[in-house]
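Below is one structure, written out as C-alpha cells; comments come after it.
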Amino acid sequence: MRLTLLALAVLPALAACGKGSDSDPASSTQWPAFDQPAAPQKVESKPLPKACALVTAAQAEALLQQPVSLMSDEPENCLWASAGNPGQITMLMVNLIQNDDEAMALQVFQSLTGLQGNLSSMVNEKVGAKTQKSGQEIEEIGDEAWMSASNMDLVGTRQLVVRKGAVIFHLNITGMSTGSTPKSFDSGLIALAKNAVSQL
C-alpha cells in the first residue's frame with residue numbers, strides 16, 4: 001500500500017519536470033547545430049538584355065556595309081542577313097549565353113574558341129579542301145576575348161568570343177560569296193563587342 005501511494009506521489013512530480021524541460025528556452029534542442037554546413041547561397045545574375053538590343057540593325061548595316069534584314073530575333077540569339085545583293089549573302093550572328101557560374105562559362109568559352117576550326121576541318125576534309133584558320137587574343141574586352149577566322153570551302157567566317165564573368169558574348173560573320181571574310185571586319189567586330197559587353 002505504501003509503495004502504491006509513493007508511486008502516485010512521484011508520477012505528478014515527474015510529469016511537471018518533463019513539462020518544464022520542454023518549455024525551457026535554454027534546452028539543448030534549441031541550440032544552433034554548429035556541425036551542419038551552411039546552405040550555399042545562390043548568386044542572382046543580372047537579367048541580360050536581348051541579343052538584338054545589343055547589336056541593332058543600324059550597327060549591323062554599318063559593319064556589313066550594306067542593308068540588312070532580321071532573320072531571327074530571340075532573347076539570346078539574333079541573326080542579321082545582308083539584303084543588298086542576293087548572290088553575295090553575309091550574315092551577322094549575335095549570341096548570348098548565361099552560364100551557372102564562371103567555371104562553366106570558361107568551359108563554354110574554350111569550346112567556342114576551338115569549335116570553328118574543328119568544324120572547318122571536318123567540312124574541308126570531306127571536300128578535299130585545305131583548312132585555313134587563325135586566331136588572336138583581344139585585350140580590354142570583358143575578362144577574356146578571342147578573335148578567329150576560318151574557311152569552309154566557299155564560306156569564310158570571322159568570329160569574336162568574349163567572356164565576362166559567367167556570360168558569353170559571341171559575334172560571328174559568315175560570308176557565303178567568297179572563300180574568306182575580309183579582315184577589315186575585325187575593327188568593327190571589336191567596336192561592337194566593346195559596346196555590347198559594357199551593357200552586360
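Chain labels A, B, ... are given in the sequence in which chains occur in the C-alpha cells; within each chain residues are numbered consecutively from 1, and ligands are likewise numbered from 1 in the order shown.
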
Check your understanding: Can you list, as a list in words, every protein, DNA or RNA residue that comes within 7 Å of Ala105 (chain A) when you count only C-alpha atoms, leaving out same-chain residues fewer than 3 positions away?
Key ->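 So, after excluding close chain neighbours, the residues are Asn99, Asp101, Glu102, Val108, Phe109, Ala166, Val167 and Ile168 of chain A.
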
Residues within 12 Å of region 54-67 of chain A, only C-alpha atoms, excluding chain neighbours under 5 positions, as a tab-separated table (two decimals) with N, CA and C atoms, in the first residue's frame:
```tsv
chain	number	residue	atom	x	y	z
A	48	LEU	N	19.81	39.63	-68.57
A	48	LEU	CA	20.52	40.01	-69.78
A	48	LEU	C	19.61	40.77	-70.73
A	49	PRO	N	20.14	41.76	-71.44
A	49	PRO	CA	19.35	42.40	-72.50
A	49	PRO	C	19.17	41.44	-73.67
A	73	ASP	N	15.09	36.75	-84.14
A	73	ASP	CA	15.09	37.66	-83.00
A	73	ASP	C	14.61	36.90	-81.77
A	75	PRO	N	15.61	35.98	-77.45
A	75	PRO	CA	16.29	36.65	-76.33
A	75	PRO	C	17.80	36.48	-76.34
A	76	GLU	N	18.29	35.29	-76.68
A	76	GLU	CA	19.73	35.04	-76.62
A	76	GLU	C	20.37	34.90	-78.00
A	77	ASN	N	19.57	35.00	-79.06
A	77	ASN	CA	20.11	34.83	-80.41
A	77	ASN	C	19.52	35.86	-81.36
A	78	CYS	N	20.39	36.47	-82.15
A	78	CYS	CA	19.96	37.45	-83.14
A	78	CYS	C	20.73	37.19	-84.43
A	79	LEU	N	20.03	37.24	-85.55
A	79	LEU	CA	20.67	36.97	-86.84
A	79	LEU	C	20.27	38.04	-87.85
A	80	TRP	N	21.28	38.79	-88.30
A	80	TRP	CA	21.09	39.79	-89.35
A	80	TRP	C	21.68	39.24	-90.65
A	81	ALA	N	20.97	39.39	-91.76
A	81	ALA	CA	21.45	38.93	-93.07
A	81	ALA	C	21.47	40.10	-94.04
A	82	SER	N	22.52	40.17	-94.85
A	82	SER	CA	22.62	41.25	-95.83
A	82	SER	C	21.50	41.13	-96.85
A	83	ALA	N	21.01	42.28	-97.29
A	83	ALA	CA	19.91	42.30	-98.24
A	83	ALA	C	20.25	43.09	-99.50
A	84	GLY	N	21.50	43.50	-99.63
A	84	GLY	CA	21.88	44.33	-100.77
A	84	GLY	C	22.10	43.56	-102.05
A	85	ASN	N	22.59	42.31	-101.94
A	85	ASN	CA	22.90	41.52	-103.13
A	85	ASN	C	22.56	40.06	-102.86
A	86	PRO	N	21.51	39.52	-103.50
A	86	PRO	CA	21.10	38.13	-103.25
A	86	PRO	C	22.20	37.11	-103.52
A	88	GLN	N	25.37	37.56	-102.92
A	88	GLN	CA	26.51	37.81	-102.05
A	88	GLN	C	25.99	38.00	-100.62
A	89	ILE	N	25.57	36.91	-100.03
A	89	ILE	CA	24.93	36.96	-98.71
A	89	ILE	C	25.98	36.91	-97.61
A	90	THR	N	25.84	37.82	-96.67
A	90	THR	CA	26.69	37.83	-95.47
A	90	THR	C	25.78	37.89	-94.26
A	91	MET	N	26.07	37.08	-93.27
A	91	MET	CA	25.24	37.03	-92.07
A	91	MET	C	26.04	37.42	-90.84
A	92	LEU	N	25.39	38.14	-89.94
A	92	LEU	CA	25.97	38.51	-88.65
A	92	LEU	C	25.14	37.85	-87.56
A	93	MET	N	25.76	36.94	-86.82
A	93	MET	CA	25.07	36.24	-85.75
A	93	MET	C	25.53	36.78	-84.40
A	94	VAL	N	24.58	37.03	-83.52
A	94	VAL	CA	24.85	37.53	-82.17
A	94	VAL	C	24.28	36.52	-81.18
A	95	ASN	N	25.13	36.03	-80.28
A	95	ASN	CA	24.68	35.04	-79.29
A	95	ASN	C	25.06	35.48	-77.88
A	96	LEU	N	24.14	35.26	-76.95
A	96	LEU	CA	24.39	35.48	-75.53
A	96	LEU	C	24.18	34.17	-74.80
A	169	PHE	N	29.52	36.33	-74.74
A	169	PHE	CA	29.01	37.14	-75.84
A	169	PHE	C	29.76	36.72	-77.10
A	170	HIS	N	29.01	36.37	-78.14
A	170	HIS	CA	29.60	35.76	-79.33
A	170	HIS	C	29.10	36.46	-80.59
A	171	LEU	N	30.04	37.00	-81.38
A	171	LEU	CA	29.72	37.59	-82.68
A	171	LEU	C	30.33	36.73	-83.78
A	172	ASN	N	29.57	36.49	-84.85
A	172	ASN	CA	30.08	35.67	-85.95
A	172	ASN	C	29.61	36.26	-87.27
A	173	ILE	N	30.56	36.53	-88.16
A	173	ILE	CA	30.24	36.97	-89.52
A	173	ILE	C	30.54	35.80	-90.45
A	174	THR	N	29.55	35.44	-91.24
A	174	THR	CA	29.73	34.36	-92.22
A	174	THR	C	29.44	34.92	-93.61
A	175	GLY	N	30.45	34.85	-94.51
A	175	GLY	CA	30.28	35.33	-95.87
A	175	GLY	C	30.14	34.16	-96.82
A	181	THR	N	36.26	35.81	-95.37
A	181	THR	CA	35.60	37.05	-94.98
A	181	THR	C	36.66	38.11	-94.76
A	182	PRO	N	36.50	39.32	-95.32
A	182	PRO	CA	37.54	40.35	-95.23
A	182	PRO	C	37.97	40.64	-93.80
A	183	LYS	N	39.27	40.81	-93.62
A	183	LYS	CA	39.81	41.12	-92.30
A	183	LYS	C	39.40	42.52	-91.86
A	184	SER	N	38.92	43.35	-92.80
A	184	SER	CA	38.50	44.70	-92.47
A	184	SER	C	37.32	44.71	-91.49
A	185	PHE	N	36.65	43.56	-91.34
A	185	PHE	CA	35.55	43.46	-90.39
A	185	PHE	C	36.05	43.45	-88.94
A	186	ASP	N	37.32	43.14	-88.74
A	186	ASP	CA	37.82	42.93	-87.38
A	186	ASP	C	37.63	44.15	-86.48
A	187	SER	N	37.99	45.33	-86.97
A	187	SER	CA	37.88	46.52	-86.14
A	187	SER	C	36.42	46.80	-85.79
A	188	GLY	N	35.52	46.52	-86.74
A	188	GLY	CA	34.09	46.70	-86.49
A	188	GLY	C	33.56	45.72	-85.46
A	189	LEU	N	34.01	44.48	-85.54
A	189	LEU	CA	33.60	43.46	-84.57
A	189	LEU	C	34.07	43.85	-83.16
A	190	ILE	N	35.31	44.32	-83.06
A	190	ILE	CA	35.85	44.70	-81.76
A	190	ILE	C	35.06	45.87	-81.17
A	191	ALA	N	34.74	46.85	-82.01
A	191	ALA	CA	33.98	48.01	-81.53
A	191	ALA	C	32.59	47.59	-81.06
A	192	LEU	N	31.94	46.71	-81.84
A	192	LEU	CA	30.61	46.22	-81.45
A	192	LEU	C	30.67	45.47	-80.13
A	193	ALA	N	31.68	44.62	-79.99
A	193	ALA	CA	31.81	43.82	-78.78
A	193	ALA	C	32.05	44.69	-77.56
A	194	LYS	N	32.91	45.68	-77.68
A	194	LYS	CA	33.18	46.58	-76.55
A	194	LYS	C	31.91	47.28	-76.09
A	195	ASN	N	31.12	47.76	-77.05
A	195	ASN	CA	29.89	48.46	-76.72
A	195	ASN	C	28.88	47.52	-76.07
A	196	ALA	N	28.74	46.31	-76.63
A	196	ALA	CA	27.75	45.36	-76.12
A	196	ALA	C	28.13	44.83	-74.75
A	197	VAL	N	29.38	44.46	-74.56
A	197	VAL	CA	29.82	43.88	-73.30
A	197	VAL	C	29.74	44.89	-72.16
A	198	SER	N	29.87	46.17	-72.47
A	198	SER	CA	29.74	47.19	-71.42
A	198	SER	C	28.32	47.25	-70.86
A	199	GLN	N	27.35	46.66	-71.58
A	199	GLN	CA	25.96	46.66	-71.13
A	199	GLN	C	25.59	45.40	-70.36
A	200	LEU	N	26.52	44.46	-70.24
A	200	LEU	CA	26.23	43.19	-69.56
A	200	LEU	C	26.55	43.28	-68.07
```

Practice item. Go ahead and compute the interatomic distance for CA of Pro47 (chain A) and CA of Leu70 (chain A), in Å to one decimal. Key: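 Taking CA of Pro47 (chain A) as the start and CA of Leu70 (chain A) as the end point, the length is 23.3 Å.
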